[in-house]
>>> print(open('final-v9.pdb').read())   # PDB, C-alpha atoms
ATOM      1  CA  MET A 699       0.000   0.000   0.000
ATOM      2  CA  GLY A 700       1.506   3.244  -1.070
ATOM      3  CA  THR A 701      -0.071   6.230   0.709
ATOM      4  CA  ASP A 702      -0.499   7.028   4.375
ATOM      5  CA  ASN A 703      -4.268   6.848   3.937
ATOM      6  CA  GLN A 704      -4.029   3.380   2.400
ATOM      7  CA  GLU A 705      -1.781   2.233   5.249
ATOM      8  CA  ALA A 706      -4.340   3.508   7.763
ATOM      9  CA  VAL A 707      -7.079   1.585   5.952
ATOM     10  CA  GLY A 708      -4.999  -1.583   6.076
ATOM     11  CA  LEU A 709      -4.619  -1.214   9.854
ATOM     12  CA  ILE A 710      -8.307  -0.801  10.680
ATOM     13  CA  GLY A 711      -9.128  -2.899  13.741
ATOM     14  CA  ARG A 712      -5.490  -3.325  14.801
ATOM     15  CA  ASP A 713      -5.184  -0.639  17.520
ATOM     16  CA  GLU A 714      -5.110  -3.196  20.340
ATOM     17  CA  VAL A 715      -2.468  -5.315  18.624
ATOM     18  CA  LEU A 716      -0.319  -2.275  17.897
ATOM     19  CA  SER A 717      -0.320  -1.403  21.603
ATOM     20  CA  GLU A 718       0.193  -4.957  22.899
ATOM     21  CA  LEU A 719       3.065  -6.101  20.700
ATOM     22  CA  PRO A 720       5.592  -3.371  21.666
ATOM     23  CA  TYR A 721       5.034  -4.250  25.330
ATOM     24  CA  LEU A 722       5.493  -7.947  24.570
ATOM     25  CA  LEU A 723       8.713  -7.164  22.698
ATOM     26  CA  ARG A 724      10.059  -5.361  25.745
ATOM     27  CA  THR A 725       9.352  -8.329  28.028
ATOM     28  CA  GLU A 726      10.170 -11.130  25.564
ATOM     29  CA  ARG A 727      13.128 -10.897  23.197
ATOM     30  CA  LEU A 728      11.765 -13.285  20.549
ATOM     31  CA  VAL A 729       8.119 -12.781  19.583
ATOM     32  CA  THR A 730       6.465 -14.548  16.665
ATOM     33  CA  VAL A 731       3.262 -13.320  15.027
ATOM     34  CA  SER A 732       1.319 -15.943  13.103
ATOM     35  CA  GLY A 733      -1.926 -15.965  11.178
ATOM     36  CA  PRO A 734      -3.507 -17.012   7.891
ATOM     37  CA  GLY A 735      -2.463 -15.563   4.575
ATOM     38  CA  GLY A 736      -4.130 -12.199   4.077
ATOM     39  CA  VAL A 737      -4.675 -11.435   7.778
ATOM     40  CA  GLY A 738      -2.333  -8.434   7.579
ATOM     41  CA  LYS A 739       0.917  -9.607   9.206
ATOM     42  CA  THR A 740       3.181  -7.645   6.859
ATOM     43  CA  ALA A 741       1.214  -4.400   7.268
ATOM     44  CA  LEU A 742       1.293  -4.887  11.020
ATOM     45  CA  VAL A 743       5.030  -5.536  11.444
ATOM     46  CA  THR A 744       5.851  -2.739   8.978
ATOM     47  CA  GLU A 745       3.769  -0.273  10.982
ATOM     48  CA  LEU A 746       5.231  -1.512  14.261
ATOM     49  CA  THR A 747       8.747  -0.981  12.937
ATOM     50  CA  ARG A 748       7.812   2.559  11.889
ATOM     51  CA  ARG A 749       6.245   3.389  15.255
ATOM     52  CA  LEU A 750       9.071   2.211  17.491
ATOM     53  CA  VAL A 751      10.762   5.105  19.245
ATOM     54  CA  PRO A 752      13.655   6.520  17.181
ATOM     55  CA  GLY A 753      16.946   6.114  18.974
ATOM     56  CA  GLN A 754      15.717   3.163  21.027
ATOM     57  CA  TRP A 755      17.787   0.816  18.863
ATOM     58  CA  GLU A 756      21.329   1.072  17.569
ATOM     59  CA  ALA A 757      20.199  -0.820  14.506
ATOM     60  CA  VAL A 758      16.897  -2.005  13.059
ATOM     61  CA  GLY A 759      16.915  -4.697  10.392
ATOM     62  CA  LEU A 760      14.021  -5.919   8.244
ATOM     63  CA  ALA A 761      14.522  -9.299   6.562
ATOM     64  CA  ASP A 762      11.794 -10.363   4.118
ATOM     65  CA  LEU A 763      12.211 -14.077   3.387
ATOM     66  CA  ILE A 764       9.501 -14.311   0.715
ATOM     67  CA  ARG A 765      12.018 -15.207  -2.024
ATOM     68  CA  LEU A 766      14.516 -17.131   0.108
ATOM     69  CA  ASP A 767      14.269 -20.853  -0.616
ATOM     70  CA  ASP A 768      17.535 -22.142   0.822
ATOM     71  CA  PRO A 769      17.686 -22.332   4.649
ATOM     72  CA  GLU A 770      21.491 -22.383   4.365
ATOM     73  CA  LEU A 771      21.329 -18.740   3.241
ATOM     74  CA  LEU A 772      19.142 -17.588   6.135
ATOM     75  CA  VAL A 773      21.996 -16.284   8.292
ATOM     76  CA  ARG A 774      23.424 -14.401   5.291
ATOM     77  CA  GLN A 775      20.096 -12.612   4.756
ATOM     78  CA  LEU A 776      19.752 -11.759   8.441
ATOM     79  CA  ALA A 777      23.300 -10.400   8.474
ATOM     80  CA  ALA A 778      22.620  -8.234   5.431
ATOM     81  CA  ALA A 779      19.454  -6.857   7.065
ATOM     82  CA  LEU A 780      21.124  -6.065  10.392
ATOM     83  CA  LEU A 781      24.622  -4.979   9.369
ATOM     84  CA  ARG A 782      23.923  -3.570   5.878
ATOM     85  CA  LYS A 783      26.975  -5.460   4.669
ATOM     86  CA  GLU A 784      28.127  -8.953   3.739
ATOM     87  CA  LEU A 785      30.022 -11.004   6.290
ATOM     88  CA  PRO A 786      33.127 -12.655   4.810
ATOM     89  CA  GLY A 787      32.789 -16.232   3.609
ATOM     90  CA  ARG A 788      29.654 -18.193   4.375
ATOM     91  CA  PRO A 789      28.108 -16.428   7.384
ATOM     92  CA  HIS A 790      27.282 -18.545  10.407
ATOM     93  CA  ILE A 791      25.492 -17.779  13.644
ATOM     94  CA  GLU A 792      28.689 -17.317  15.635
ATOM     95  CA  ALA A 793      30.051 -14.725  13.187
ATOM     96  CA  LEU A 794      26.779 -12.774  13.153
ATOM     97  CA  ALA A 795      26.548 -12.881  16.949
ATOM     98  CA  ASP A 796      30.140 -11.630  17.254
ATOM     99  CA  ALA A 797      29.401  -8.794  14.813
ATOM    100  CA  LEU A 798      26.340  -7.709  16.799
ATOM    101  CA  ASP A 799      28.165  -8.024  20.119
ATOM    102  CA  ASP A 800      26.219  -6.024  22.751
ATOM    103  CA  MET A 801      24.428  -3.703  20.311
ATOM    104  CA  ARG A 802      20.780  -2.996  21.120
ATOM    105  CA  VAL A 803      19.207  -4.273  17.949
ATOM    106  CA  LEU A 804      15.704  -4.969  16.646
ATOM    107  CA  LEU A 805      15.382  -7.606  13.930
ATOM    108  CA  VAL A 806      12.051  -7.928  12.081
ATOM    109  CA  VAL A 807      11.706 -11.086   9.992
ATOM    110  CA  ASP A 808       8.717 -11.470   7.660
ATOM    111  CA  HIS A 809       7.398 -14.485   5.693
ATOM    112  CA  CYS A 810       8.990 -17.178   7.879
ATOM    113  CA  GLU A 811       6.434 -19.874   7.041
ATOM    114  CA  HIS A 812       8.376 -21.879   4.434
ATOM    115  CA  LEU A 813      11.527 -21.831   6.592
ATOM    116  CA  ALA A 814       9.789 -22.326   9.930
ATOM    117  CA  GLN A 815      12.206 -24.863  11.390
ATOM    118  CA  ALA A 816      15.337 -23.011  10.264
ATOM    119  CA  CYS A 817      13.951 -19.696  11.544
ATOM    120  CA  THR A 818      13.099 -21.231  14.909
ATOM    121  CA  GLU A 819      16.594 -22.652  15.336
ATOM    122  CA  VAL A 820      18.563 -19.654  14.042
ATOM    123  CA  LEU A 821      16.536 -16.927  15.767
ATOM    124  CA  THR A 822      16.473 -18.794  19.085
ATOM    125  CA  GLU A 823      20.248 -19.234  18.992
ATOM    126  CA  LEU A 824      20.872 -15.614  17.991
ATOM    127  CA  VAL A 825      18.759 -14.318  20.861
ATOM    128  CA  ARG A 826      20.595 -16.632  23.250
ATOM    129  CA  ARG A 827      23.988 -15.345  22.087
ATOM    130  CA  CYS A 828      23.073 -11.627  21.806
ATOM    131  CA  PRO A 829      21.686 -10.235  25.093
ATOM    132  CA  GLU A 830      20.488  -6.965  23.510
ATOM    133  CA  LEU A 831      18.884  -8.460  20.399
ATOM    134  CA  HIS A 832      15.073  -8.368  20.122
ATOM    135  CA  VAL A 833      13.331 -10.239  17.299
ATOM    136  CA  LEU A 834       9.830  -9.904  15.848
ATOM    137  CA  ALA A 835       9.114 -12.708  13.370
ATOM    138  CA  ALA A 836       5.948 -13.124  11.284
ATOM    139  CA  GLY A 837       4.561 -15.930   9.141
ATOM    140  CA  ARG A 838       1.589 -18.135   8.353
ATOM    141  CA  THR A 839       3.035 -21.046  10.321
ATOM    142  CA  ARG A 840       3.534 -20.789  14.071
ATOM    143  CA  LEU A 841       7.170 -21.009  15.081
ATOM    144  CA  ASN A 842       8.083 -23.238  18.000
ATOM    145  CA  THR A 843       9.072 -20.360  20.274
ATOM    146  CA  PRO A 844       7.753 -19.437  23.741
ATOM    147  CA  ALA A 845       6.275 -15.978  22.962
ATOM    148  CA  ARG A 846       3.673 -16.426  20.228
ATOM    149  CA  TYR A 847       1.065 -13.874  19.199
ATOM    150  CA  PRO A 848      -1.751 -15.233  16.998
ATOM    151  CA  LEU A 849      -3.094 -12.496  14.717
ATOM    152  CA  ARG A 850      -6.811 -13.099  14.373
ATOM    153  CA  SER A 851      -9.164 -12.007  11.640
ATOM    154  CA  LEU A 852     -11.252  -8.898  12.263
ATOM    155  CA  THR A 853     -14.555  -8.875  14.092
ATOM    156  CA  ARG A 854     -17.657  -8.423  11.959
ATOM    157  CA  ASP A 855     -17.876  -4.713  12.833
ATOM    158  CA  GLU A 856     -14.152  -4.103  12.196
ATOM    159  CA  ALA A 857     -14.396  -5.896   8.866
ATOM    160  CA  ALA A 858     -17.410  -3.762   7.963
ATOM    161  CA  ARG A 859     -15.380  -0.610   8.643
ATOM    162  CA  LEU A 860     -12.581  -1.954   6.450
ATOM    163  CA  PHE A 861     -15.045  -2.830   3.680
ATOM    164  CA  GLU A 862     -16.597   0.639   3.751
ATOM    165  CA  ALA A 863     -13.143   2.262   3.636
ATOM    166  CA  GLY A 864     -12.243   0.020   0.698
ATOM    167  CA  ALA A 865     -15.453   0.992  -1.055
ATOM    168  CA  ARG A 866     -14.497   4.659  -0.747
ATOM    169  CA  GLN A 867     -11.063   3.873  -2.193
ATOM    170  CA  ALA A 868     -12.796   2.132  -5.088
ATOM    171  CA  GLY A 869     -14.653   5.374  -5.823
ATOM    172  CA  VAL A 870     -18.082   4.229  -4.624
ATOM    173  CA  ALA A 871     -20.055   7.372  -3.838
ATOM    174  CA  GLU A 872     -23.049   5.758  -2.111
ATOM    175  CA  PRO A 873     -22.098   3.465   0.807
ATOM    176  CA  PRO A 874     -23.664  -0.010   0.640
ATOM    177  CA  ALA A 875     -26.467  -0.876   3.029
ATOM    178  CA  PRO A 876     -24.994  -1.882   6.435
ATOM    179  CA  GLU A 877     -26.907  -5.180   6.414
ATOM    180  CA  THR A 878     -25.379  -6.162   3.060
ATOM    181  CA  VAL A 879     -21.901  -5.235   4.271
ATOM    182  CA  GLN A 880     -22.386  -7.365   7.388
ATOM    183  CA  TYR A 881     -23.445 -10.359   5.293
ATOM    184  CA  ILE A 882     -20.470  -9.940   2.950
ATOM    185  CA  CYS A 883     -18.005  -9.702   5.844
ATOM    186  CA  GLY A 884     -19.632 -12.703   7.498
ATOM    187  CA  PHE A 885     -18.929 -14.898   4.485
ATOM    188  CA  LEU A 886     -15.339 -13.635   4.402
ATOM    189  CA  ASP A 887     -14.733 -14.417   8.103
ATOM    190  CA  GLY A 888     -13.255 -10.962   8.673
ATOM    191  CA  LEU A 889     -10.085 -11.785   6.714
ATOM    192  CA  PRO A 890      -8.659  -8.384   5.695
ATOM    193  CA  LEU A 891      -7.375  -9.550   2.284
ATOM    194  CA  ALA A 892     -10.758 -11.054   1.422
ATOM    195  CA  VAL A 893     -12.579  -7.912   2.576
ATOM    196  CA  HIS A 894     -10.216  -5.733   0.517
ATOM    197  CA  ILE A 895     -10.773  -7.857  -2.599
ATOM    198  CA  ALA A 896     -14.544  -7.838  -2.110
ATOM    199  CA  ALA A 897     -14.688  -4.068  -1.602
ATOM    200  CA  GLY A 898     -12.784  -3.580  -4.861
ATOM    201  CA  GLN A 899     -15.520  -5.471  -6.734
ATOM    202  CA  LEU A 900     -17.879  -2.548  -6.107
ATOM    203  CA  ALA A 901     -16.207  -0.738  -8.987
ATOM    204  CA  ARG A 902     -17.935  -3.235 -11.315
ATOM    205  CA  HIS A 903     -20.745  -4.854  -9.325
ATOM    206  CA  SER A 904     -23.603  -3.814  -7.083
ATOM    207  CA  PRO A 905     -23.340  -4.686  -3.368
ATOM    208  CA  GLU A 906     -25.937  -7.414  -3.873
ATOM    209  CA  GLU A 907     -23.888  -8.908  -6.712
ATOM    210  CA  VAL A 908     -20.754  -8.831  -4.541
ATOM    211  CA  LEU A 909     -22.669 -10.667  -1.816
ATOM    212  CA  SER A 910     -23.664 -13.315  -4.334
ATOM    213  CA  LEU A 911     -20.069 -13.683  -5.563
ATOM    214  CA  VAL A 912     -18.541 -14.123  -2.102
ATOM    215  CA  SER A 913     -21.256 -16.560  -1.017
ATOM    216  CA  ARG A 914     -20.478 -19.027  -3.845
ATOM    217  CA  SER A 915     -17.544 -21.418  -3.542
ATOM    218  CA  ASP A 916     -17.085 -21.419  -7.324
ATOM    219  CA  THR A 917     -16.488 -17.644  -7.472
ATOM    220  CA  VAL A 918     -15.134 -16.437  -4.112
ATOM    221  CA  LEU A 919     -11.615 -17.803  -4.683
ATOM    222  CA  ASP A 920     -11.051 -16.075  -8.022
ATOM    223  CA  LEU A 921     -12.224 -12.526  -7.342
ATOM    224  CA  ALA A 922      -9.155 -10.390  -8.031
ATOM    225  CA  ALA A 923      -7.512  -7.244  -6.691
ATOM    226  CA  PRO A 924      -5.206  -6.209  -9.571
ATOM    227  CA  GLY A 925      -3.012  -3.862  -7.494
ATOM    228  CA  LEU A 926      -1.777  -6.564  -5.117
ATOM    229  CA  PRO A 927       1.248  -8.886  -5.516
ATOM    230  CA  ALA A 928       0.501 -12.044  -7.515
ATOM    231  CA  ARG A 929       0.577 -14.219  -4.374
ATOM    232  CA  GLN A 930      -2.286 -12.149  -2.895
ATOM    233  CA  ARG A 931      -4.191 -11.067  -5.976
ATOM    234  CA  THR A 932      -6.870 -13.686  -5.322
ATOM    235  CA  LEU A 933      -7.803 -15.837  -2.349
ATOM    236  CA  ARG A 934      -6.934 -18.872  -4.458
ATOM    237  CA  ALA A 935      -3.367 -17.623  -4.942
ATOM    238  CA  SER A 936      -3.014 -16.942  -1.228
ATOM    239  CA  LEU A 937      -4.377 -20.352  -0.255
ATOM    240  CA  LEU A 938      -2.215 -22.153  -2.819
ATOM    241  CA  ARG A 939       0.857 -20.756  -1.082
ATOM    242  CA  THR A 940      -0.319 -22.274   2.198
ATOM    243  CA  HIS A 941      -1.295 -25.489   0.396
ATOM    244  CA  GLN A 942       2.328 -25.843  -0.727
ATOM    245  CA  LEU A 943       3.489 -25.652   2.893
ATOM    246  CA  CYS A 944       1.334 -28.611   3.908
ATOM    247  CA  THR A 945       2.385 -32.251   4.010
ATOM    248  CA  PRO A 946       0.407 -34.728   1.842
ATOM    249  CA  GLU A 947      -1.466 -35.867   4.968
ATOM    250  CA  GLU A 948      -2.359 -32.289   5.889
ATOM    251  CA  ARG A 949      -3.624 -31.607   2.361
ATOM    252  CA  LEU A 950      -5.766 -34.738   2.435
ATOM    253  CA  LEU A 951      -7.252 -33.873   5.823
ATOM    254  CA  TRP A 952      -7.844 -30.276   4.696
ATOM    255  CA  ALA A 953      -9.910 -31.595   1.793
ATOM    256  CA  ARG A 954     -11.854 -34.109   3.880
ATOM    257  CA  CYS A 955     -12.651 -31.707   6.731
ATOM    258  CA  THR A 956     -14.544 -29.476   4.297
ATOM    259  CA  VAL A 957     -17.533 -31.838   4.597
ATOM    260  CA  PHE A 958     -18.230 -30.453   8.085
ATOM    261  CA  PRO A 959     -20.805 -27.656   7.690
ATOM    262  CA  GLY A 960     -19.808 -26.069  11.011
ATOM    263  CA  PRO A 961     -17.530 -26.630  14.002
ATOM    264  CA  PHE A 962     -16.046 -30.096  14.445
ATOM    265  CA  THR A 963     -14.034 -31.759  17.188
ATOM    266  CA  PRO A 964     -10.918 -33.923  16.845
ATOM    267  CA  ALA A 965     -13.194 -36.887  17.591
ATOM    268  CA  ASP A 966     -15.423 -35.882  14.662
ATOM    269  CA  ALA A 967     -12.391 -35.661  12.382
ATOM    270  CA  LEU A 968     -11.235 -39.129  13.448
ATOM    271  CA  ALA A 969     -14.680 -40.661  12.976
ATOM    272  CA  VAL A 970     -15.300 -39.120   9.542
ATOM    273  CA  CYS A 971     -11.903 -38.592   7.911
ATOM    274  CA  ALA A 972      -9.684 -41.473   9.037
ATOM    275  CA  ASP A 973      -9.113 -44.512   6.786
ATOM    276  CA  GLU A 974      -6.216 -46.605   5.495
ATOM    277  CA  ARG A 975      -4.846 -43.600   3.568
ATOM    278  CA  LEU A 976      -5.047 -41.424   6.662
ATOM    279  CA  PRO A 977      -4.701 -43.581   9.801
ATOM    280  CA  ALA A 978      -5.638 -42.186  13.200
ATOM    281  CA  ASP A 979      -2.099 -41.276  14.297
ATOM    282  CA  ALA A 980      -1.331 -39.540  11.001
ATOM    283  CA  LEU A 981      -4.676 -37.727  11.160
ATOM    284  CA  VAL A 982      -4.008 -36.319  14.637
ATOM    285  CA  THR A 983      -0.600 -35.065  13.492
ATOM    286  CA  ALA A 984      -2.153 -33.566  10.349
ATOM    287  CA  LEU A 985      -4.878 -31.829  12.381
ATOM    288  CA  HIS A 986      -2.231 -30.161  14.527
ATOM    289  CA  GLY A 987      -0.458 -29.194  11.303
ATOM    290  CA  LEU A 988      -3.540 -27.507   9.841
ATOM    291  CA  ASP A 989      -3.931 -25.567  13.079
ATOM    292  CA  ARG A 990      -0.228 -24.601  13.037
ATOM    293  CA  HIS A 991      -0.617 -23.343   9.448
ATOM    294  CA  SER A 992      -3.507 -21.098  10.598
ATOM    295  CA  LEU A 993      -6.070 -22.937   8.448
ATOM    296  CA  LEU A 994      -8.453 -23.621  11.334
ATOM    297  CA  GLN A 995     -10.181 -21.337  13.803
ATOM    298  CA  GLN A 996     -10.581 -22.611  17.336
ATOM    299  CA  GLU A 997     -14.035 -22.203  18.808
ATOM    300  CA  GLN A 998     -13.831 -20.293  22.074
ATOM    301  CA  GLN A 999     -16.471 -22.195  24.036
ATOM    302  CA  ALA A1000     -15.673 -25.746  22.977
ATOM    303  CA  ALA A1001     -12.710 -27.932  22.108
ATOM    304  CA  ALA A1002     -13.620 -27.642  18.444
ATOM    305  CA  PHE A1003     -12.349 -26.208  15.185
ATOM    306  CA  ARG A1004     -14.042 -24.340  12.380
ATOM    307  CA  MET A1005     -12.767 -23.991   8.848
ATOM    308  CA  PRO A1006     -13.214 -20.493   7.335
ATOM    309  CA  TRP A1007     -15.409 -20.272   4.227
ATOM    310  CA  SER A1008     -12.652 -19.563   1.705
ATOM    311  CA  VAL A1009     -10.452 -22.331   3.197
ATOM    312  CA  ARG A1010     -13.406 -24.732   2.896
ATOM    313  CA  ALA A1011     -14.062 -23.654  -0.690
ATOM    314  CA  HIS A1012     -10.449 -24.362  -1.670
ATOM    315  CA  GLY A1013     -10.369 -27.710   0.145
ATOM    316  CA  ARG A1014     -13.734 -28.829  -1.266
ATOM    317  CA  GLN A1015     -12.472 -28.358  -4.799
ATOM    318  CA  TRP A1016      -9.501 -30.586  -3.953
ATOM    319  CA  LEU A1017     -11.858 -33.163  -2.421
ATOM    320  CA  ASP A1018     -13.835 -33.173  -5.669
ATOM    321  CA  ARG A1019     -10.625 -33.672  -7.680
ATOM    322  CA  LEU A1020      -9.749 -36.620  -5.456
ATOM    323  CA  GLY A1021     -13.142 -38.181  -6.225
ATOM    324  CA  GLU A1022     -13.928 -38.455  -2.493
ATOM    325  CA  GLU A1023     -16.646 -35.835  -2.034
ATOM    326  CA  ARG A1024     -19.651 -38.181  -2.084
ATOM    327  CA  GLU A1025     -18.072 -40.737   0.249
ATOM    328  CA  PHE A1026     -17.035 -38.270   2.930
ATOM    329  CA  LEU A1027     -20.240 -36.275   2.781
ATOM    330  CA  GLN A1028     -22.054 -39.548   3.495
ATOM    331  CA  ARG A1029     -19.680 -40.319   6.354
ATOM    332  CA  CYS A1030     -20.237 -36.850   7.808
ATOM    333  CA  LEU A1031     -24.025 -37.187   7.522
ATOM    334  CA  ALA A1032     -23.904 -40.579   9.264
ATOM    335  CA  ARG A1033     -21.862 -39.015  12.105
ATOM    336  CA  MET A1034     -24.323 -36.138  12.486
ATOM    337  CA  LEU A1035     -27.352 -38.470  12.497
ATOM    338  CA  ARG A1036     -25.707 -40.669  15.106
ATOM    339  CA  ASP A1037     -25.192 -37.653  17.382
ATOM    340  CA  THR A1038     -28.776 -36.340  17.092
TER     341      THR A1038
END
>>> encode(input="final-v9.pdb", output="structure tokens")
Amino acid sequence: MGTDNQEAVGLIGRDEVLSELPYLLRTERLVTVSGPGGVGKTALVTELTRRLVPGQWEAVGLADLIRLDDPELLVRQLAAALLRKELPGRPHIEALADALDDMRVLLVVDHCEHLAQACTEVLTELVRRCPELHVLAAGRTRLNTPARYPLRSLTRDEAARLFEAGARQAGVAEPPAPETVQYICGFLDGLPLAVHIAAGQLARHSPEEVLSLVSRSDTVLDLAAPGLPARQRTLRASLLRTHQLCTPEERLLWARCTVFPGPFTPADALAVCADERLPADALVTALHGLDRHSLLQQEQQAAAFRMPWSVRAHGRQWLDRLGEEREFLQRCLARMLRDT
């Protein structure tokens, strides 16, 4: 987002987070922010970096790992971000730690998801070796670190504010009816990227047509926001990136869990989705994996999960490609009838 106004729009509903995270960074020296693709992690950490008090740090480094595929080059990229120069030879943790010494440094690392294990190991060791180093890391996959901050989607009212601001950016003179906006944001589960894409559709469609588009699994994934990077231009592109992070077992469970029309428990998943291709032990591991990749929402008042609408739409299409839709819908129905 280019202008200050656009940045403000992208941060609607994030006031509490923007006040909590700096405090957490002062008390914990390695904080990881995780959440689904499109929830606004990059906008958040960028704004946090901008807001931090000038002069508080001797150096501030921002390392964006979006194009880094080789974990062996991770330390080199962190060194370049922090020191603004190349370390001689192949950099290693000891050399970077020696170069930082006792400097009071903030390191912000974005897009950690595809290098989650390497990031966990390297950042943990760096913080251990450098007593004045503070790290804020962000990604779709939770890192195995003590201080974790899950970035949730917006509430219905916050999402409505974001949608209305996006409508104004799209040049819509007459604001949509509040009830229609609430329905649209409900289908989109308050995901900022999805709300932004939907608001942009008002340049070509009526609010009622936008509601129809986001409510259909065959159209919601392919609505486009041309000004965004390719990986976020559509919900399908964003979800495909997460799909690539998943193991084969996680992908299979993702597809099968789409047959649940609402919240489901681990016991439900075992009863409906387990078979010889996905035995019980593998299923439990895969369920934890889907949660770690921010593909499931935990229900607050029960030990249950819910799959957001766009995540379900993507997974259901994969279930159809696998030829398993009819079988697992029947298994889900049998489970529901047994429980009534």
>>> residues_near_point(input="final-v9.pdb", point="(12.3, -17.4, 1.6)", cutoff="12 Å", atoms="all atoms listed in the file", output="JSON, numbers by chain")
{"A": [761, 762, 763, 764, 765, 766, 767, 768, 769, 770, 771, 772, 773, 775, 776, 807, 808, 809, 810, 811, 812, 813, 814, 816, 817, 837]}
>>> atom_distance(input="final-v9.pdb", atom1="CA of Thr818 (chain A)", atom2="CA of Asp979 (chain A)")
25.2 Å
>>> resolve_selection(input="final-v9.pdb", expression="the PyMOL selection byres ((chain A and resi 853-855) around 8)", output="short mmCIF file (atom, residue, chain, number, x, y, z; two decimals) with C-alpha atoms, keeping the file's coordinate frame")
data_model
loop_
_atom_site.label_atom_id
_atom_site.label_comp_id
_atom_site.auth_asym_id
_atom_site.auth_seq_id
_atom_site.Cartn_x
_atom_site.Cartn_y
_atom_site.Cartn_z
CA SER A 851 -9.16 -12.01 11.64
CA LEU A 852 -11.25 -8.90 12.26
CA GLU A 856 -14.15 -4.10 12.20
CA ALA A 857 -14.40 -5.90 8.87
CA ALA A 858 -17.41 -3.76 7.96
CA ARG A 859 -15.38 -0.61 8.64
CA GLN A 880 -22.39 -7.36 7.39
CA CYS A 883 -18.00 -9.70 5.84
CA GLY A 884 -19.63 -12.70 7.50
CA ASP A 887 -14.73 -14.42 8.10
CA GLY A 888 -13.26 -10.96 8.67
#
>>> resolve_selection(input="final-v9.pdb", expression="the PyMOL selection byres ((chain A and resi 895) around 8)", output="PyMOL selection string")
chain A and resi 891-894+896-899+921-923+932
>>> resolve_selection(input="final-v9.pdb", expression="the PyMOL selection byres ((chain A and resi 1014) around 8)", output="compact mmCIF listing (two decimals) with C-alpha atoms, in the frame of the given file")
# COMPACT_ATOMS: atom_id res chain seq x y z
CA ALA A 953 -9.91 -31.60 1.79
CA ARG A 954 -11.85 -34.11 3.88
CA THR A 956 -14.54 -29.48 4.30
CA VAL A 957 -17.53 -31.84 4.60
CA ARG A 1010 -13.41 -24.73 2.90
CA ALA A 1011 -14.06 -23.65 -0.69
CA HIS A 1012 -10.45 -24.36 -1.67
CA GLY A 1013 -10.37 -27.71 0.14
CA GLN A 1015 -12.47 -28.36 -4.80
CA TRP A 1016 -9.50 -30.59 -3.95
CA LEU A 1017 -11.86 -33.16 -2.42
CA ASP A 1018 -13.84 -33.17 -5.67
CA GLU A 1023 -16.65 -35.84 -2.03
>>> residues_around(input="final-v9.pdb", residues="Pro848 (chain A)", least_positions_apart="6", cutoff="7 Å", atoms="all atoms listed in the file", output="ChimeraX atom specification")
/A:731-733
>>> write_last_selection(input="final-v9.pdb", atoms="C-alpha atoms", output="short mmCIF file (atom, residue, chain, number, x, y, z; two decimals), in the frame of the given file")
data_model
loop_
_atom_site.label_atom_id
_atom_site.label_comp_id
_atom_site.auth_asym_id
_atom_site.auth_seq_id
_atom_site.Cartn_x
_atom_site.Cartn_y
_atom_site.Cartn_z
CA VAL A 731 3.26 -13.32 15.03
CA SER A 732 1.32 -15.94 13.10
CA GLY A 733 -1.93 -15.96 11.18
#
>>> closest_residue(input="final-v9.pdb", among="A:Leu909, A:Asn842, A:Ala778, A:Leu849", to="Val743 (chain A)", atoms="all atoms listed in the file")
A:Leu849
>>> closest_residue(input="final-v9.pdb", among="A:Leu889, A:Val879, A:Leu821, A:Leu976", to="Glu906 (chain A)", atoms="only C-alpha atoms")
A:Val879
>>> closest_residue(input="final-v9.pdb", among="A:Ala795, A:His832, A:Arg774, A:Ala978", to="Pro720 (chain A)", atoms="only C-alpha atoms")
A:His832
>>> atom_distance(input="final-v9.pdb", atom1="CA of Gln995 (chain A)", atom2="CA of Leu968 (chain A)")
17.8 Å
>>> decode(input="final-v9.pdb", residues="region 752-757 of chain A", atoms="N, CA, C and O atoms", output="mmCIF file, in the first residue's frame")
data_model
loop_
_atom_site.group_PDB
_atom_site.id
_atom_site.type_symbol
_atom_site.label_atom_id
_atom_site.label_comp_id
_atom_site.auth_asym_id
_atom_site.auth_seq_id
_atom_site.Cartn_x
_atom_site.Cartn_y
_atom_site.Cartn_z
ATOM 1 N N PRO A 752 12.341 6.304 17.789
ATOM 2 C CA PRO A 752 13.655 6.520 17.181
ATOM 3 C C PRO A 752 14.728 6.649 18.258
ATOM 4 O O PRO A 752 14.512 7.268 19.294
ATOM 5 N N GLY A 753 15.863 6.044 18.015
ATOM 6 C CA GLY A 753 16.946 6.114 18.974
ATOM 7 C C GLY A 753 16.916 5.018 20.012
ATOM 8 O O GLY A 753 17.859 4.852 20.786
ATOM 9 N N GLN A 754 15.798 4.253 20.059
ATOM 10 C CA GLN A 754 15.717 3.163 21.027
ATOM 11 C C GLN A 754 16.669 2.032 20.660
ATOM 12 O O GLN A 754 17.143 1.297 21.518
ATOM 13 N N TRP A 755 16.949 1.906 19.360
ATOM 14 C CA TRP A 755 17.787 0.816 18.863
ATOM 15 C C TRP A 755 19.019 1.382 18.162
ATOM 16 O O TRP A 755 18.944 2.401 17.481
ATOM 17 N N GLU A 756 20.129 0.699 18.319
ATOM 18 C CA GLU A 756 21.329 1.072 17.569
ATOM 19 C C GLU A 756 21.228 0.639 16.114
ATOM 20 O O GLU A 756 21.874 1.220 15.243
ATOM 21 N N ALA A 757 20.432 -0.376 15.875
ATOM 22 C CA ALA A 757 20.199 -0.820 14.506
ATOM 23 C C ALA A 757 18.842 -1.502 14.443
ATOM 24 O O ALA A 757 18.405 -2.144 15.404
#
